[in-house]
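Scroll down for the structure; my scribbles are underneath it.
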Amino acid sequence: MKLKLLIAAVAIIVGLYFLKSYLDKKKEYIPDVPAAAVPGAKSEHPEAVKERQHFIVGFLPVTCHLTCPVTSWITEHNNTGSVFESQKFTDFPSMKEALIARKIDATFMNMPLAMKLVADGTPVKIVYLGHRDGTTVMVGIDSDIHKFEDLKGKIVAIPGRFSNQNILMLKMMKEHGMKEGDITLKELPPPEHPSALAAKAIDAYIIGEPHAAVAELNHSGRVLFKAGEMWPNFISCGLVVRQEVIDNNRAMVEELVKGIASSGKWLDSDLDKGAQHRHDAALVASQKMFYNQKTAVLDYVLTKDITRVKYTDLKPPKDRFDEMMDLFNEFKLIPKHLNFEEYADVSFAPDLETIALPFDRLPGVEGIKPNVP
């Protein structure tokens, strides 16, 4: 009996030792301390500068979310500030569940889905946009579909019911006098759209790039419309953050949004000089740790037509979101009307004129080879 008690006591002491070691090393939020606190930084709280903070941000491998891997790459190749680690998802439902379960606290997400989460009681806020435009309607290369009316009676893939691609299709159907069901809208994960079109399992699809360009480059599909032609300055995705993080670590959110804004400004800052920044972004984002897609496809989307997607003017616009909310209510996707302030917080959006770009080429980009998965 004494031996058993002794063994138990030793086990408890060892357990307490490892617990203390874990707690000593665990990064904690300290009120009023900037998230960018790093070794050597000036702070009234010296304990806050022991190590850089790490924060995970979700994304899908679409150009609508490009500022996520770009920001992740920049912070991981820097020795100051927080490290914003990107986590890839392949579809919005799994991303939504991860956000609800707090496996992630921030993610790029389709705006209707974020607003639906708020309507359902999930405490999140839209704090910034990911892009403007960047979505394309594709049809088969030999298709007899040449205008929107030709889609009547056809099957069109969408990334999800709670996506602005779905809203755009419903909006266009209404404007062309079509009723529900005149076009069959089929939910498919974005990466499956090009192969479904090539197999003629669908007649068309509407998706964020580069999944449209995949069909264009393999000669199985052609562009019917760019979203901006149907709904100018189209918005599909933005940055969503849980309210707990906004309340308890505002400095981290400020740093993240500023990083995203800076990445967007950098992506659009040399478009009249050859778009080298976008070439760099395509090279980095295409790598295995991010999109794991052909570099040539991303490069095509970002540089062949520089108006295909834009990364500036990303402060969430109240008037456009009010319009979206009216459509969501009309199409019975969100049952109740939400005020803008209930699901959006624009206080983090910086004035782009105040953001300086500290580099030209992406750090560490030299020597990276194009990805050909």
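Chain labels A, B, ... are given in the sequence in which chains occur in the structure tokens; within each chain residues are numbered consecutively from 1, and ligands are likewise numbered from 1 in the order shown.
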*Looking only at the backbone, which of the residues in region 37-233 of chain A does DSSP tag as alpha helix (DSSP H), as a PyMOL selection string?*
chain A and resi 67-76+92-100+111-119+164-175+193-198+211-217+227-230
*Which polymer residues have any atom within 6 Å of an atom of Lys294 (chain A), counting only C-alpha atoms, with same-chain residues fewer than 3 positions away left out, as a PyMOL selection string?*
chain A and resi 297+371-372
Export of the given selection (N, CA and C atoms) as a PDB file, in the first residue's frame:
```pdb
ATOM      1  N   VAL A 297      -1.376  28.763 -63.847  1.00  0.00           N
ATOM      2  CA  VAL A 297      -2.803  29.091 -63.801  1.00  0.00           C
ATOM      3  C   VAL A 297      -3.037  30.341 -62.962  1.00  0.00           C
ATOM      4  N   ASN A 371       5.313  25.820 -59.331  1.00  0.00           N
ATOM      5  CA  ASN A 371       4.716  24.558 -58.908  1.00  0.00           C
ATOM      6  C   ASN A 371       3.982  23.902 -60.090  1.00  0.00           C
ATOM      7  N   VAL A 372       4.219  22.615 -60.289  1.00  0.00           N
ATOM      8  CA  VAL A 372       3.526  21.865 -61.333  1.00  0.00           C
ATOM      9  C   VAL A 372       3.037  20.569 -60.696  1.00  0.00           C
TER      10      VAL A 372
END
```
*Extract the full set of strand (DSSP E) residues from region 14-258 of chain A according to DSSP on the backbone, and format it as a ChimeraX atom specification.*
/A:54-59,83-88,106-110,124-129,132-133,135-140,155-158,184-187,204-208,221-226,237-242
Using C-alpha atoms, can you write the selected residues to a file as a CSV table (one decimal), in the first residue's frame?
```csv
chain,number,residue,atom,x,y,z
A,54,HIS,CA,0.9,33.2,-33.7
A,55,PHE,CA,-2.7,33.4,-35.1
A,56,ILE,CA,-4.3,31.0,-37.5
A,57,VAL,CA,-6.5,32.3,-40.4
A,58,GLY,CA,-8.5,30.1,-42.6
A,59,PHE,CA,-8.8,30.3,-46.4
A,83,VAL,CA,2.9,35.5,-37.4
A,84,PHE,CA,-0.4,34.9,-39.2
A,85,GLU,CA,-0.5,31.3,-40.2
A,86,SER,CA,-2.9,30.3,-43.0
A,87,GLN,CA,-4.9,27.1,-42.8
A,88,LYS,CA,-6.4,25.7,-46.0
A,106,ALA,CA,-10.7,34.0,-38.1
A,107,THR,CA,-11.2,33.1,-41.7
A,108,PHE,CA,-11.9,34.3,-45.2
A,109,MET,CA,-15.4,33.4,-46.0
A,110,ASN,CA,-18.3,34.1,-48.4
A,124,VAL,CA,-18.6,36.8,-35.6
A,125,LYS,CA,-18.0,40.0,-37.4
A,126,ILE,CA,-17.0,40.9,-41.0
A,127,VAL,CA,-14.0,43.2,-40.6
A,128,TYR,CA,-12.6,43.5,-44.1
A,129,LEU,CA,-13.1,42.3,-47.7
A,132,ARG,CA,-13.5,42.9,-55.6
A,133,ASP,CA,-14.7,41.0,-58.7
A,135,THR,CA,-15.6,35.5,-60.0
A,136,THR,CA,-16.4,34.1,-63.5
A,137,VAL,CA,-19.2,32.2,-65.2
A,138,MET,CA,-17.9,29.4,-67.3
A,139,VAL,CA,-19.6,27.3,-70.0
A,140,GLY,CA,-18.3,24.4,-72.1
A,155,ILE,CA,-27.5,23.0,-64.6
A,156,VAL,CA,-25.1,25.6,-63.1
A,157,ALA,CA,-22.7,24.7,-60.3
A,158,ILE,CA,-22.3,27.2,-57.4
A,184,THR,CA,-30.9,24.3,-61.6
A,185,LEU,CA,-28.2,25.6,-59.2
A,186,LYS,CA,-26.1,22.7,-57.9
A,187,GLU,CA,-23.7,23.0,-55.0
A,204,ALA,CA,-21.9,25.9,-66.5
A,205,TYR,CA,-20.4,27.1,-63.3
A,206,ILE,CA,-19.9,30.3,-61.4
A,207,ILE,CA,-16.9,30.4,-59.1
A,208,GLY,CA,-14.0,32.4,-57.8
A,221,GLY,CA,-14.5,25.9,-71.0
A,222,ARG,CA,-14.8,29.5,-72.0
A,223,VAL,CA,-15.9,32.7,-70.2
A,224,LEU,CA,-19.6,33.6,-70.4
A,225,PHE,CA,-19.5,36.5,-68.0
A,226,LYS,CA,-17.2,38.1,-65.4
A,237,CYS,CA,-15.6,37.0,-49.7
A,238,GLY,CA,-14.2,38.8,-46.7
A,239,LEU,CA,-12.3,38.4,-43.4
A,240,VAL,CA,-14.5,37.1,-40.6
A,241,VAL,CA,-13.3,37.2,-36.9
A,242,ARG,CA,-14.9,35.8,-33.8
```
*Selection near Val253 (chain A), 9 Å with only C-alpha atoms, sequence-local residues under 5 positions removed, as a ChimeraX atom specification*: /A:35,127,241,245-246,258,348
*Record the distance separating CA of His176 (chain A) and CA of Pro232 (chain A), expressed in Å with one decimal.*
17.4 Å
*When you draw a straight line from CA of Ile100 (chain A) to CA of Ala114 (chain A), how long is it in Å?*
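Straight-line distance from CA of Ile100 (chain A) to CA of Ala114 (chain A) works out to 10.8 Å.
Considering only C-alpha atoms, the residue among A:Val70, A:Leu168, A:Ala201, A:Ala215 positioned nearest to Arg361 (chain A) is A:Val70.
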*asked:* Taking 3 positions as the minimum chain separation for residues in the same chain, which residues sit within 9 Å of His77 (chain A) when counting only C-alpha atoms? Answer as a PyMOL selection string.
replied: chain A and resi 72-74+363-364
*So, counting only C-alpha atoms, which residue among A:Pro93, A:Pro335, A:Pro61, A:Pro370 is closest to His211 (chain A)?*
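Looking at the shortest contact to His211 (chain A), the residue is A:Pro61.
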_Atom-to-atom span, CA of Trp231 (chain A) and CA of Ser163 (chain A), Å_ =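 These atoms are spaced 14.3 Å apart.
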_Could you list, as a list in words, every residue within 7 Å of Ile260 (chain A), counting only C-alpha atoms and ignoring same-chain residues fewer than 2 positions away?_
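So, after excluding close chain neighbours, the residues are Thr67, Cys68, Thr71, Leu256, Val257, Lys258, Ser262, Ser263 and Gly264 of chain A.
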*Excluding Lys174 (chain A) and residues on its chain fewer than 3 positions from it, collect all residues at most 12 Å away from it, counting only C-alpha atoms, and give them as number ranges by chain.*
A: 148-149, 167-171, 177-183, 327, 330-331
Pull N, CA and C atoms from the residues just selected and write them as a CSV table (one decimal), in the first residue's frame.
```csv
chain,number,residue,atom,x,y,z
A,148,PHE,N,-27.2,35.1,-70.9
A,148,PHE,CA,-27.7,34.6,-69.7
A,148,PHE,C,-29.0,33.8,-69.9
A,149,GLU,N,-29.8,34.3,-70.8
A,149,GLU,CA,-31.1,33.6,-71.1
A,149,GLU,C,-30.9,32.2,-71.5
A,167,ILE,N,-26.3,34.2,-54.9
A,167,ILE,CA,-27.1,35.4,-54.9
A,167,ILE,C,-27.1,36.1,-56.2
A,168,LEU,N,-25.9,36.1,-56.9
A,168,LEU,CA,-25.8,36.8,-58.2
A,168,LEU,C,-26.7,36.0,-59.2
A,169,MET,N,-26.6,34.7,-59.2
A,169,MET,CA,-27.5,33.9,-60.1
A,169,MET,C,-29.0,34.2,-59.9
A,170,LEU,N,-29.4,34.2,-58.6
A,170,LEU,CA,-30.8,34.5,-58.3
A,170,LEU,C,-31.2,35.9,-58.7
A,171,LYS,N,-30.3,36.8,-58.5
A,171,LYS,CA,-30.5,38.2,-58.9
A,171,LYS,C,-30.7,38.3,-60.4
A,177,GLY,N,-36.5,37.7,-65.7
A,177,GLY,CA,-37.9,37.2,-65.7
A,177,GLY,C,-38.0,35.7,-65.5
A,178,MET,N,-37.0,35.1,-64.9
A,178,MET,CA,-37.0,33.7,-64.6
A,178,MET,C,-37.5,33.4,-63.2
A,179,LYS,N,-38.1,32.2,-63.0
A,179,LYS,CA,-38.6,31.9,-61.7
A,179,LYS,C,-37.7,30.8,-61.1
A,180,GLU,N,-37.9,30.5,-59.8
A,180,GLU,CA,-37.1,29.5,-59.1
A,180,GLU,C,-37.2,28.2,-59.9
A,181,GLY,N,-36.1,27.5,-60.1
A,181,GLY,CA,-36.1,26.3,-60.8
A,181,GLY,C,-35.8,26.4,-62.3
A,182,ASP,N,-36.0,27.5,-62.9
A,182,ASP,CA,-35.7,27.7,-64.3
A,182,ASP,C,-34.2,27.3,-64.6
A,183,ILE,N,-33.4,27.6,-63.7
A,183,ILE,CA,-32.0,27.2,-63.8
A,183,ILE,C,-31.7,26.3,-62.5
A,327,LEU,N,-31.6,41.2,-50.5
A,327,LEU,CA,-31.7,40.1,-51.4
A,327,LEU,C,-31.7,38.8,-50.7
A,330,GLU,N,-35.2,38.5,-49.4
A,330,GLU,CA,-36.1,38.2,-50.5
A,330,GLU,C,-36.1,36.8,-51.0
A,331,PHE,N,-34.9,36.2,-51.0
A,331,PHE,CA,-34.7,34.9,-51.5
A,331,PHE,C,-34.8,33.8,-50.4
```
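Of the residues listed (A:Lys154, A:Asp142, A:Gly259, A:Met95), A:Gly259 shows the shortest atom-to-atom separation from Ser82 (chain A); distances use only C-alpha atoms.
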